[in-house]
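Down below is the structure, laid out as structure tokens.
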Amino acid sequence: MKKTILTGLRPTGNLHLGHYFGACQNYLKMQNDYDFYLEIADVQALTDNFNNPEKVRKNVTEITIDLLSTGLDPNKVNFFIQSKIPEIAELTVFYSNLVTVARLQRNPTVKTEIAQKKELFGNDGESITYGFLGYPVSQAADITAFQGELVPVGEDQLPLIEQCREIVRKFNSIYGETLKEPSAILSETKRVKGLDGNDKMGKSLGNAIFLNDSEEVIKKKIMGAITDPKKIKKDDPANPDICMVYYYHNLVNNKENIEKVCSECKKGSRGCVQCKKELIEAMNNFLAPIKEKRAYYEAHPEEVKEILENGTKKAKQKAEEQMKKIKKAMKIDYE
Ligand code: TRP
């Protein structure tokens, strides 16, 4: 029996290199050997976009196309839409008894997000909604509705997986051994830095390269990337370790070129403009097959729709089976 993988993404924008290296690469590696469920988490996206439903709706399709364009095979991965699986919402209600409000308030990921969303939740989180505070509970429902054992995620999601494990243990201790405790699987590249040198690449940080950025946009972004500030003249020796251009060469270029960039930079025999131009070329080459697949799916919207329908059908079956077990354990399995 293949193990089950469950992961999810909030449909709030297009995927960027941070998603690609931090998460998608892992999906690509794992798609062959597991029973894979990939949730487009529209209900979770609404927890902090409840006032912008058009954005969520549009990005359900966008993010599905992005994911397919990275090379995920719809015959191996079940793409599904969260809101089409009402069992998840039902489970969320059951689990809400198994977690304290204080524990949710201490969740580091939730805390960080509340601090970032002052406009929505107030300066000190005084306007935090019940829904947003509780999204880790609904995420535990996402995972366990499918008996997800492995959860490939970015580093920022670890506190949410831990929260899920706690809910599972609590459930099993009260209602009997029913649920599996999931494990997080991190990518080799845990986190991708932004063009500005920020530790994290993020859409809201304005420092991201998106998988669907045009060549023109990529050129502009890379030309503005942060390099060693001490390097003034073209032939000044510099430190590649603090240069974002070298950092991205490492992600998208080949070994030989990466070594060349590093040694020439240290020696002062390479100017930053030349180095950026080479990165632009390497980045375009790296993104070309992804964009080619994107163009295919953009031209075949009915295929994308069908992929979501088929995946959702499979997910629904799996969640229904799991729900029977859960209701039985909770003694709410009325005939
Ligand atoms: N919270 C995740 C994010 O913001 C998305 C997500 C929703 C998820 N449900 C999930 C991740 C289940 C892993 C498992 O990216």
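Following the order of the structure tokens, first chain is A, next is B, and so on, with residues numbered from 1 inside each chain and ligands from 1 in the order they appear.
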Per-residue nearest contacts of chain A to ligand 1 (8 Å; only C-alpha atoms and all ligand atoms) as a tab-separated table:
residue	atom	partner	partner_atom_place_in_ligand_line	distance
A:Leu6	CA	ligand 1	14 (C)	6.0
A:Thr7	CA	ligand 1	14 (C)	3.9
A:Gly8	CA	ligand 1	8 (C)	3.6
A:Leu9	CA	ligand 1	5 (C)	4.0
A:Arg10	CA	ligand 1	5 (C)	5.1
A:Glu39	CA	ligand 1	9 (N)	6.6
A:Ile40	CA	ligand 1	7 (C)	7.4
A:Ala41	CA	ligand 1	7 (C)	5.1
A:Gln44	CA	ligand 1	7 (C)	6.3
A:Ala45	CA	ligand 1	4 (O)	8.0
A:Pro136	CA	ligand 1	1 (N)	7.8
A:Ser138	CA	ligand 1	9 (N)	7.7
A:Gln139	CA	ligand 1	9 (N)	4.8
A:Ala140	CA	ligand 1	12 (C)	7.1
A:Asp142	CA	ligand 1	12 (C)	5.4
A:Ile143	CA	ligand 1	12 (C)	5.5
A:Val151	CA	ligand 1	13 (C)	6.0
A:Pro152	CA	ligand 1	13 (C)	7.0
A:Val153	CA	ligand 1	13 (C)	6.0
A:Gly154	CA	ligand 1	15 (O)	7.6
A:Gln157	CA	ligand 1	1 (N)	6.4
A:Leu160	CA	ligand 1	1 (N)	7.5
A:Ile161	CA	ligand 1	14 (C)	7.6
Got time to write the residues from that selection, N, CA and C atoms, as a short mmCIF file (atom, residue, chain, number, x, y, z; two decimals), in the first residue's frame?
data_model
loop_
_atom_site.label_atom_id
_atom_site.label_comp_id
_atom_site.auth_asym_id
_atom_site.auth_seq_id
_atom_site.Cartn_x
_atom_site.Cartn_y
_atom_site.Cartn_z
N LEU A 6 -0.61 14.44 1.73
CA LEU A 6 -1.59 15.51 1.59
C LEU A 6 -0.85 16.81 1.79
N THR A 7 -1.06 17.73 0.87
CA THR A 7 -0.57 19.08 1.13
C THR A 7 -1.54 20.07 0.51
N GLY A 8 -1.36 21.33 0.85
CA GLY A 8 -2.29 22.33 0.35
C GLY A 8 -1.62 23.66 0.10
N LEU A 9 -2.28 24.46 -0.70
CA LEU A 9 -1.81 25.82 -0.97
C LEU A 9 -2.99 26.75 -0.96
N ARG A 10 -2.78 27.95 -0.44
CA ARG A 10 -3.85 28.95 -0.47
C ARG A 10 -3.87 29.62 -1.84
N GLU A 39 -4.38 19.87 -2.20
CA GLU A 39 -5.57 20.68 -1.95
C GLU A 39 -5.38 22.14 -2.34
N ILE A 40 -6.30 22.66 -3.13
CA ILE A 40 -6.35 24.10 -3.38
C ILE A 40 -7.25 24.65 -2.27
N ALA A 41 -6.61 25.27 -1.29
CA ALA A 41 -7.27 25.58 -0.02
C ALA A 41 -8.05 26.90 -0.10
N GLN A 44 -9.48 28.06 3.34
CA GLN A 44 -8.44 28.68 4.17
C GLN A 44 -8.04 30.05 3.61
N ALA A 45 -7.99 30.17 2.29
CA ALA A 45 -7.64 31.47 1.69
C ALA A 45 -8.66 32.54 2.10
N PRO A 136 -5.68 26.71 11.87
CA PRO A 136 -4.88 25.49 12.08
C PRO A 136 -5.75 24.26 12.36
N SER A 138 -8.73 23.76 11.00
CA SER A 138 -9.24 23.32 9.70
C SER A 138 -8.13 22.68 8.87
N GLN A 139 -6.90 23.13 9.09
CA GLN A 139 -5.78 22.48 8.38
C GLN A 139 -5.54 21.06 8.90
N ALA A 140 -5.78 20.86 10.20
CA ALA A 140 -5.68 19.50 10.75
C ALA A 140 -6.76 18.62 10.13
N ASP A 142 -7.98 19.13 7.08
CA ASP A 142 -7.49 18.88 5.70
C ASP A 142 -6.64 17.62 5.66
N ILE A 143 -5.70 17.57 6.59
CA ILE A 143 -4.71 16.48 6.55
C ILE A 143 -5.36 15.15 6.93
N VAL A 151 3.39 15.21 4.87
CA VAL A 151 2.91 16.53 4.44
C VAL A 151 4.11 17.37 3.96
N PRO A 152 4.36 17.40 2.65
CA PRO A 152 5.45 18.23 2.16
C PRO A 152 5.08 19.72 2.24
N VAL A 153 5.85 20.47 3.00
CA VAL A 153 5.54 21.89 3.22
C VAL A 153 6.82 22.71 3.34
N GLY A 154 6.66 24.01 3.31
CA GLY A 154 7.75 24.92 3.61
C GLY A 154 7.93 25.01 5.13
N GLN A 157 5.42 26.21 7.82
CA GLN A 157 4.22 25.43 8.14
C GLN A 157 4.43 24.44 9.30
N LEU A 160 2.08 24.37 12.22
CA LEU A 160 0.72 23.90 11.89
C LEU A 160 0.66 22.38 11.86
N ILE A 161 1.72 21.77 11.42
CA ILE A 161 1.77 20.30 11.42
C ILE A 161 1.83 19.81 12.87
#
#### Entry: Which of segment 111-255 of chain A DSSP labels alpha helix (DSSP H), written as a PyMOL selection string
chain A and resi 111-116+118-121+130-133+135-144+158-175+215-223+244-252+255
### Message
Can you pull out the residues contacting Thr64 of chain A? Cut-off 9 Å, using only C-alpha atoms, and skip same-chain residues under 6 positions away; I want them as a PyMOL selection string.
### Response
chain A and resi 11+40+79+304+308
Could those selected residues go to a file with N, CA and C atoms, as a PDB file, in the first residue's frame?
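Output below, filename result-v2.pdb:
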ATOM      1  N   PRO A  11      -4.983  29.629  -2.518  1.00  0.00           N
ATOM      2  CA  PRO A  11      -5.033  30.289  -3.825  1.00  0.00           C
ATOM      3  C   PRO A  11      -5.181  31.803  -3.679  1.00  0.00           C
ATOM      4  N   ILE A  40      -6.301  22.655  -3.128  1.00  0.00           N
ATOM      5  CA  ILE A  40      -6.355  24.096  -3.383  1.00  0.00           C
ATOM      6  C   ILE A  40      -7.252  24.648  -2.268  1.00  0.00           C
ATOM      7  N   PHE A  79      -5.572  16.680  -7.694  1.00  0.00           N
ATOM      8  CA  PHE A  79      -5.802  18.098  -7.394  1.00  0.00           C
ATOM      9  C   PHE A  79      -7.256  18.247  -6.964  1.00  0.00           C
ATOM     10  N   VAL A 304      -8.046  21.754 -17.577  1.00  0.00           N
ATOM     11  CA  VAL A 304      -7.760  22.133 -16.185  1.00  0.00           C
ATOM     12  C   VAL A 304      -8.985  21.861 -15.314  1.00  0.00           C
ATOM     13  N   LEU A 308      -9.346  19.142 -12.105  1.00  0.00           N
ATOM     14  CA  LEU A 308      -9.868  19.479 -10.773  1.00  0.00           C
ATOM     15  C   LEU A 308     -11.096  18.625 -10.434  1.00  0.00           C
TER      16      LEU A 308
END
### Message
Give me, as a VMD selection string, all polymer residues having an atom no more than 9 Å from Thr312 of chain A, counting only C-alpha atoms and skipping those fewer than 5 positions away in the same chain.
### Response
chain A and resid 39 78 to 82 84 to 85 307 317
Using C-alpha atoms, can you write the selected residues to a file as a short mmCIF file (atom, residue, chain, number, x, y, z; two decimals), in the first residue's frame?
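Final file, again_1.cif:
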data_model
loop_
_atom_site.label_atom_id
_atom_site.label_comp_id
_atom_site.auth_asym_id
_atom_site.auth_seq_id
_atom_site.Cartn_x
_atom_site.Cartn_y
_atom_site.Cartn_z
CA GLU A 39 -5.57 20.68 -1.95
CA ASN A 78 -5.21 14.36 -7.17
CA PHE A 79 -5.80 18.10 -7.39
CA PHE A 80 -8.90 19.07 -5.45
CA ILE A 81 -10.76 22.11 -4.19
CA GLN A 82 -11.20 22.34 -0.42
CA LYS A 84 -15.94 20.84 -2.54
CA ILE A 85 -15.19 18.49 0.36
CA ILE A 307 -8.31 17.70 -13.74
CA GLN A 317 -14.51 9.31 -1.83
#
Enumerate, in order of chain and increasing residue number, the residues of segment 259-314 of chain A with an atom no farther than 8 Å from segment 200-214 of chain A, each with its shortest atom pair and distance in Å to one decimal, counting only C-alpha atoms, as JSON lines.
{"residue": "A:Leu287", "atom": "CA", "partner": "A:Leu211", "partner_atom": "CA", "distance": 6.6}
{"residue": "A:Ile290", "atom": "CA", "partner": "A:Leu211", "partner_atom": "CA", "distance": 7.3}
{"residue": "A:Lys291", "atom": "CA", "partner": "A:Asn212", "partner_atom": "CA", "distance": 6.4}
Restricting the output to all heavy atoms, write the selected residues as a PDB file, in the first residue's frame.
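The file below, selection_8.pdb, is the result:
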ATOM      1  N   LEU A 287      13.096  28.709 -16.536  1.00  0.00           N
ATOM      2  CA  LEU A 287      11.637  28.872 -16.522  1.00  0.00           C
ATOM      3  C   LEU A 287      10.962  28.470 -17.846  1.00  0.00           C
ATOM      4  O   LEU A 287       9.746  28.291 -17.881  1.00  0.00           O
ATOM      5  CB  LEU A 287      11.267  30.320 -16.175  1.00  0.00           C
ATOM      6  CG  LEU A 287      11.587  30.766 -14.735  1.00  0.00           C
ATOM      7  CD1 LEU A 287      11.291  32.255 -14.573  1.00  0.00           C
ATOM      8  CD2 LEU A 287      10.793  29.962 -13.702  1.00  0.00           C
ATOM      9  N   ILE A 290       8.636  25.450 -17.892  1.00  0.00           N
ATOM     10  CA  ILE A 290       7.484  25.721 -17.019  1.00  0.00           C
ATOM     11  C   ILE A 290       6.486  26.604 -17.767  1.00  0.00           C
ATOM     12  O   ILE A 290       5.282  26.358 -17.779  1.00  0.00           O
ATOM     13  CB  ILE A 290       7.954  26.395 -15.695  1.00  0.00           C
ATOM     14  CG1 ILE A 290       8.871  25.433 -14.918  1.00  0.00           C
ATOM     15  CG2 ILE A 290       6.772  26.867 -14.848  1.00  0.00           C
ATOM     16  CD1 ILE A 290       9.445  25.987 -13.629  1.00  0.00           C
ATOM     17  N   LYS A 291       7.026  27.619 -18.443  1.00  0.00           N
ATOM     18  CA  LYS A 291       6.144  28.532 -19.183  1.00  0.00           C
ATOM     19  C   LYS A 291       5.493  27.840 -20.369  1.00  0.00           C
ATOM     20  O   LYS A 291       4.360  28.164 -20.740  1.00  0.00           O
ATOM     21  CB  LYS A 291       6.946  29.748 -19.657  1.00  0.00           C
ATOM     22  CG  LYS A 291       7.269  30.691 -18.523  1.00  0.00           C
ATOM     23  CD  LYS A 291       7.883  31.949 -19.069  1.00  0.00           C
ATOM     24  CE  LYS A 291       8.304  32.855 -17.940  1.00  0.00           C
ATOM     25  NZ  LYS A 291       9.182  33.918 -18.444  1.00  0.00           N
TER      26      LYS A 291
END
### Message
Quick one: residues within 12 Å of segment 323-329 of chain A, only C-alpha atoms, excluding same-chain residues fewer than 4 positions away - as a PyMOL selection string?
### Response
chain A and resi 85-92+94-95+141-142+144-147+168+171-180+316-319+333-335
Print the selection's residues with C-alpha atoms to a file, as a PDB file, in the first residue's frame.
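Final output, saved to part.pdb:
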ATOM      1  CA  ILE A  85     -15.187  18.490   0.360  1.00  0.00           C
ATOM      2  CA  PRO A  86     -17.702  19.416   3.078  1.00  0.00           C
ATOM      3  CA  GLU A  87     -16.303  16.635   5.291  1.00  0.00           C
ATOM      4  CA  ILE A  88     -13.380  18.955   5.988  1.00  0.00           C
ATOM      5  CA  ALA A  89     -15.694  21.624   7.378  1.00  0.00           C
ATOM      6  CA  GLU A  90     -17.506  19.022   9.432  1.00  0.00           C
ATOM      7  CA  LEU A  91     -14.273  17.675  10.882  1.00  0.00           C
ATOM      8  CA  THR A  92     -13.151  21.187  11.719  1.00  0.00           C
ATOM      9  CA  PHE A  94     -15.397  18.225  15.747  1.00  0.00           C
ATOM     10  CA  TYR A  95     -11.732  19.115  16.241  1.00  0.00           C
ATOM     11  CA  ALA A 141      -9.000  18.484   9.199  1.00  0.00           C
ATOM     12  CA  ASP A 142      -7.489  18.882   5.702  1.00  0.00           C
ATOM     13  CA  THR A 144      -6.622  13.870   8.537  1.00  0.00           C
ATOM     14  CA  ALA A 145      -9.703  13.744   6.271  1.00  0.00           C
ATOM     15  CA  PHE A 146      -7.414  11.888   3.868  1.00  0.00           C
ATOM     16  CA  GLN A 147      -5.296  10.009   6.437  1.00  0.00           C
ATOM     17  CA  VAL A 168      -4.629  13.708  16.463  1.00  0.00           C
ATOM     18  CA  PHE A 171      -8.607  12.622  19.410  1.00  0.00           C
ATOM     19  CA  ASN A 172      -7.082   9.149  19.711  1.00  0.00           C
ATOM     20  CA  SER A 173      -6.783   9.367  23.481  1.00  0.00           C
ATOM     21  CA  ILE A 174     -10.467  10.268  23.874  1.00  0.00           C
ATOM     22  CA  TYR A 175     -12.186   8.360  21.061  1.00  0.00           C
ATOM     23  CA  GLY A 176      -9.743   5.492  20.548  1.00  0.00           C
ATOM     24  CA  GLU A 177      -6.917   4.926  18.079  1.00  0.00           C
ATOM     25  CA  THR A 178      -8.420   6.245  14.806  1.00  0.00           C
ATOM     26  CA  LEU A 179      -6.197   8.883  13.218  1.00  0.00           C
ATOM     27  CA  LYS A 180      -2.606   8.788  11.983  1.00  0.00           C
ATOM     28  CA  LYS A 316     -14.381  13.127  -1.853  1.00  0.00           C
ATOM     29  CA  GLN A 317     -14.512   9.313  -1.834  1.00  0.00           C
ATOM     30  CA  LYS A 318     -11.493   9.099   0.411  1.00  0.00           C
ATOM     31  CA  ALA A 319     -12.860  11.726   2.818  1.00  0.00           C
ATOM     32  CA  ASP A 333     -22.716   7.228  13.475  1.00  0.00           C
ATOM     33  CA  TYR A 334     -26.517   7.132  13.491  1.00  0.00           C
ATOM     34  CA  GLU A 335     -28.215   4.681  11.153  1.00  0.00           C
TER      35      GLU A 335
END
### Message
Quick check, in Å to one decimal: how far apart do atom CA of Asn250 of chain A and atom CA of Val217 of chain A lie?
### Response
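Atom CA of Asn250 of chain A sits 20.3 Å away from atom CA of Val217 of chain A.
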### Query
Which one is closest to Arg191 of chain A: A:Ala23, A:Ile242, A:Met1, A:Glu216? Count only C-alpha atoms.
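The closest residue to Arg191 of chain A is A:Ala23.
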### Using only C-alpha atoms: which of A:Arg106, A:Ala288, A:Glu149, A:Leu67 has the shortest distance to Lys2 of chain A
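Closest to Lys2 of chain A of all the choices is A:Glu149.
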### Message
So that I can see what lies close to Lys58 of chain A, please list as a ChimeraX atom specification the residues with an atom at most 12 Å from it, counting only C-alpha atoms and leaving out residues fewer than 2 positions away in the same chain.
### Response
/A:10-14,40,42,45,52-56,60-65
Restricted to all heavy atoms, what would the selected residues look like written as a CSV table (one decimal), in the first residue's frame?
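What ended up in selection02.csv:
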chain,number,residue,atom,x,y,z
A,10,ARG,N,-2.8,27.9,-0.4
A,10,ARG,CA,-3.9,29.0,-0.5
A,10,ARG,C,-3.9,29.6,-1.8
A,10,ARG,O,-2.8,30.2,-2.3
A,10,ARG,CB,-3.6,30.1,0.6
A,10,ARG,CG,-3.8,29.6,2.0
A,10,ARG,CD,-3.6,30.8,2.9
A,10,ARG,NE,-3.3,30.4,4.2
A,10,ARG,CZ,-3.0,31.2,5.2
A,10,ARG,NH1,-2.9,32.5,5.0
A,10,ARG,NH2,-2.8,30.7,6.4
A,11,PRO,N,-5.0,29.6,-2.5
A,11,PRO,CA,-5.0,30.3,-3.8
A,11,PRO,C,-5.2,31.8,-3.7
A,11,PRO,O,-6.3,32.4,-3.8
A,11,PRO,CB,-6.3,29.7,-4.5
A,11,PRO,CG,-7.1,29.3,-3.3
A,11,PRO,CD,-6.3,29.0,-2.2
A,12,THR,N,-4.1,32.5,-3.4
A,12,THR,CA,-4.1,33.9,-3.2
A,12,THR,C,-3.2,34.6,-4.2
A,12,THR,O,-3.1,35.9,-4.2
A,12,THR,CB,-3.8,34.3,-1.8
A,12,THR,OG1,-2.5,33.7,-1.5
A,12,THR,CG2,-4.8,33.8,-0.8
A,13,GLY,N,-2.4,33.9,-5.0
A,13,GLY,CA,-1.5,34.6,-6.0
A,13,GLY,C,-0.8,33.5,-6.7
A,13,GLY,O,-0.9,32.3,-6.4
A,14,ASN,N,0.0,33.9,-7.7
A,14,ASN,CA,0.8,33.0,-8.5
A,14,ASN,C,2.0,32.4,-7.7
A,14,ASN,O,2.4,33.1,-6.7
A,14,ASN,CB,1.3,33.6,-9.8
A,14,ASN,CG,0.2,33.8,-10.8
A,14,ASN,OD1,-0.4,34.8,-11.0
A,14,ASN,ND2,-0.2,32.7,-11.4
A,40,ILE,N,-6.3,22.7,-3.1
A,40,ILE,CA,-6.4,24.1,-3.4
A,40,ILE,C,-7.3,24.6,-2.3
A,40,ILE,O,-8.5,24.5,-2.3
A,40,ILE,CB,-7.0,24.4,-4.8
A,40,ILE,CG1,-6.3,23.5,-5.9
A,40,ILE,CG2,-6.8,25.9,-5.1
A,40,ILE,CD1,-4.8,23.7,-6.1
A,42,ASP,N,-9.2,26.9,-0.8
A,42,ASP,CA,-9.9,28.1,-1.0
A,42,ASP,C,-10.6,28.6,0.3
A,42,ASP,O,-10.7,29.8,0.6
A,42,ASP,CB,-11.0,27.9,-2.1
A,42,ASP,CG,-12.0,26.8,-1.9
A,42,ASP,OD1,-11.7,26.0,-1.1
A,42,ASP,OD2,-13.0,26.8,-2.7
A,45,ALA,N,-8.0,30.2,2.3
A,45,ALA,CA,-7.6,31.5,1.7
A,45,ALA,C,-8.7,32.5,2.1
A,45,ALA,O,-8.3,33.7,2.3
A,45,ALA,CB,-7.6,31.3,0.2
A,52,ASN,N,-12.6,39.5,-0.1
A,52,ASN,CA,-12.1,39.6,-1.5
A,52,ASN,C,-12.3,38.2,-2.2
A,52,ASN,O,-11.4,37.6,-2.7
A,52,ASN,CB,-10.6,39.9,-1.5
A,52,ASN,CG,-10.2,40.5,-2.8
A,52,ASN,OD1,-10.9,40.5,-3.8
A,52,ASN,ND2,-9.0,41.1,-2.9
A,53,PRO,N,-13.6,37.8,-2.4
A,53,PRO,CA,-13.8,36.4,-2.9
A,53,PRO,C,-13.4,36.3,-4.4
A,53,PRO,O,-13.0,35.2,-4.8
A,53,PRO,CB,-15.3,36.3,-2.8
A,53,PRO,CG,-15.9,37.6,-2.6
A,53,PRO,CD,-14.8,38.4,-1.9
A,54,GLU,N,-13.4,37.4,-5.1
A,54,GLU,CA,-13.0,37.3,-6.6
A,54,GLU,C,-11.5,36.9,-6.7
A,54,GLU,O,-11.2,36.1,-7.5
A,54,GLU,CB,-13.1,38.7,-7.3
A,54,GLU,CG,-14.6,39.2,-7.5
A,54,GLU,CD,-15.1,39.9,-6.2
A,54,GLU,OE1,-14.3,40.2,-5.3
A,54,GLU,OE2,-16.3,40.1,-6.2
A,55,LYS,N,-10.7,37.5,-5.8
A,55,LYS,CA,-9.3,37.1,-5.8
A,55,LYS,C,-9.1,35.6,-5.6
A,55,LYS,O,-8.3,35.0,-6.3
A,55,LYS,CB,-8.6,37.9,-4.7
A,55,LYS,CG,-7.2,37.6,-4.4
A,55,LYS,CD,-6.5,38.5,-3.4
A,55,LYS,CE,-5.4,37.9,-2.7
A,55,LYS,NZ,-4.9,38.6,-1.5
A,56,VAL,N,-9.8,35.1,-4.6
A,56,VAL,CA,-9.6,33.6,-4.3
A,56,VAL,C,-10.1,32.8,-5.5
A,56,VAL,O,-9.4,31.9,-6.0
A,56,VAL,CB,-10.4,33.3,-3.0
A,56,VAL,CG1,-10.3,31.8,-2.8
A,56,VAL,CG2,-9.8,34.0,-1.8
A,60,VAL,N,-7.8,30.1,-7.8
A,60,VAL,CA,-8.0,28.7,-7.8
A,60,VAL,C,-7.5,28.1,-9.1
A,60,VAL,O,-6.7,27.2,-9.2
A,60,VAL,CB,-9.4,28.3,-7.5
A,60,VAL,CG1,-9.7,26.8,-7.8
A,60,VAL,CG2,-9.8,28.6,-6.1
A,61,THR,N,-7.9,28.7,-10.2
A,61,THR,CA,-7.5,28.3,-11.6
A,61,THR,C,-6.0,28.6,-11.8
A,61,THR,O,-5.2,27.8,-12.2
A,61,THR,CB,-8.3,29.0,-12.6
A,61,THR,OG1,-9.7,28.9,-12.3
A,61,THR,CG2,-8.1,28.4,-14.0
A,62,GLU,N,-5.6,29.8,-11.4
A,62,GLU,CA,-4.2,30.3,-11.6
A,62,GLU,C,-3.2,29.3,-10.9
A,62,GLU,O,-2.2,28.9,-11.5
A,62,GLU,CB,-4.0,31.7,-11.0
A,62,GLU,CG,-4.4,32.8,-12.0
A,62,GLU,CD,-3.7,32.8,-13.3
A,62,GLU,OE1,-2.4,32.8,-13.3
A,62,GLU,OE2,-4.3,32.7,-14.3
A,63,ILE,N,-3.5,29.0,-9.7
A,63,ILE,CA,-2.5,28.2,-8.9
A,63,ILE,C,-2.5,26.7,-9.4
A,63,ILE,O,-1.5,26.1,-9.4
A,63,ILE,CB,-2.7,28.3,-7.4
A,63,ILE,CG1,-1.4,28.1,-6.6
A,63,ILE,CG2,-3.8,27.3,-6.9
A,63,ILE,CD1,-1.5,28.6,-5.2
A,64,THR,N,-3.7,26.3,-9.9
A,64,THR,CA,-3.7,24.9,-10.5
A,64,THR,C,-2.8,24.9,-11.7
A,64,THR,O,-2.1,24.0,-11.9
A,64,THR,CB,-5.2,24.5,-10.8
A,64,THR,OG1,-6.0,24.7,-9.6
A,64,THR,CG2,-5.3,23.1,-11.3
A,65,ILE,N,-3.0,25.9,-12.5
A,65,ILE,CA,-2.1,26.0,-13.8
A,65,ILE,C,-0.6,26.1,-13.4
A,65,ILE,O,0.2,25.4,-14.0
A,65,ILE,CB,-2.6,27.2,-14.7
A,65,ILE,CG1,-4.0,26.9,-15.2
A,65,ILE,CG2,-1.6,27.4,-15.8
A,65,ILE,CD1,-4.5,28.0,-16.1
### Task
Measuring atom to atom with only C-alpha atoms, identify which of A:Lys193, A:Lys219, A:Lys233, A:His19 is nearest to Tyr248 of chain A.
A:Lys193
#### Entry: Which residue of A:Glu259, A:Asp73, A:Glu302, A:Glu181 approaches Asn32 of chain A most closely, using only C-alpha atoms
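Closest to Asn32 of chain A, using only C-alpha atoms: A:Asp73.
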### A:Leu28, A:Thr47, A:Arg294, A:Gln163 ranked by distance to Ile128 of chain A, top pick (using only C-alpha atoms)
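The answer is A:Thr47, which sits nearest to Ile128 of chain A.
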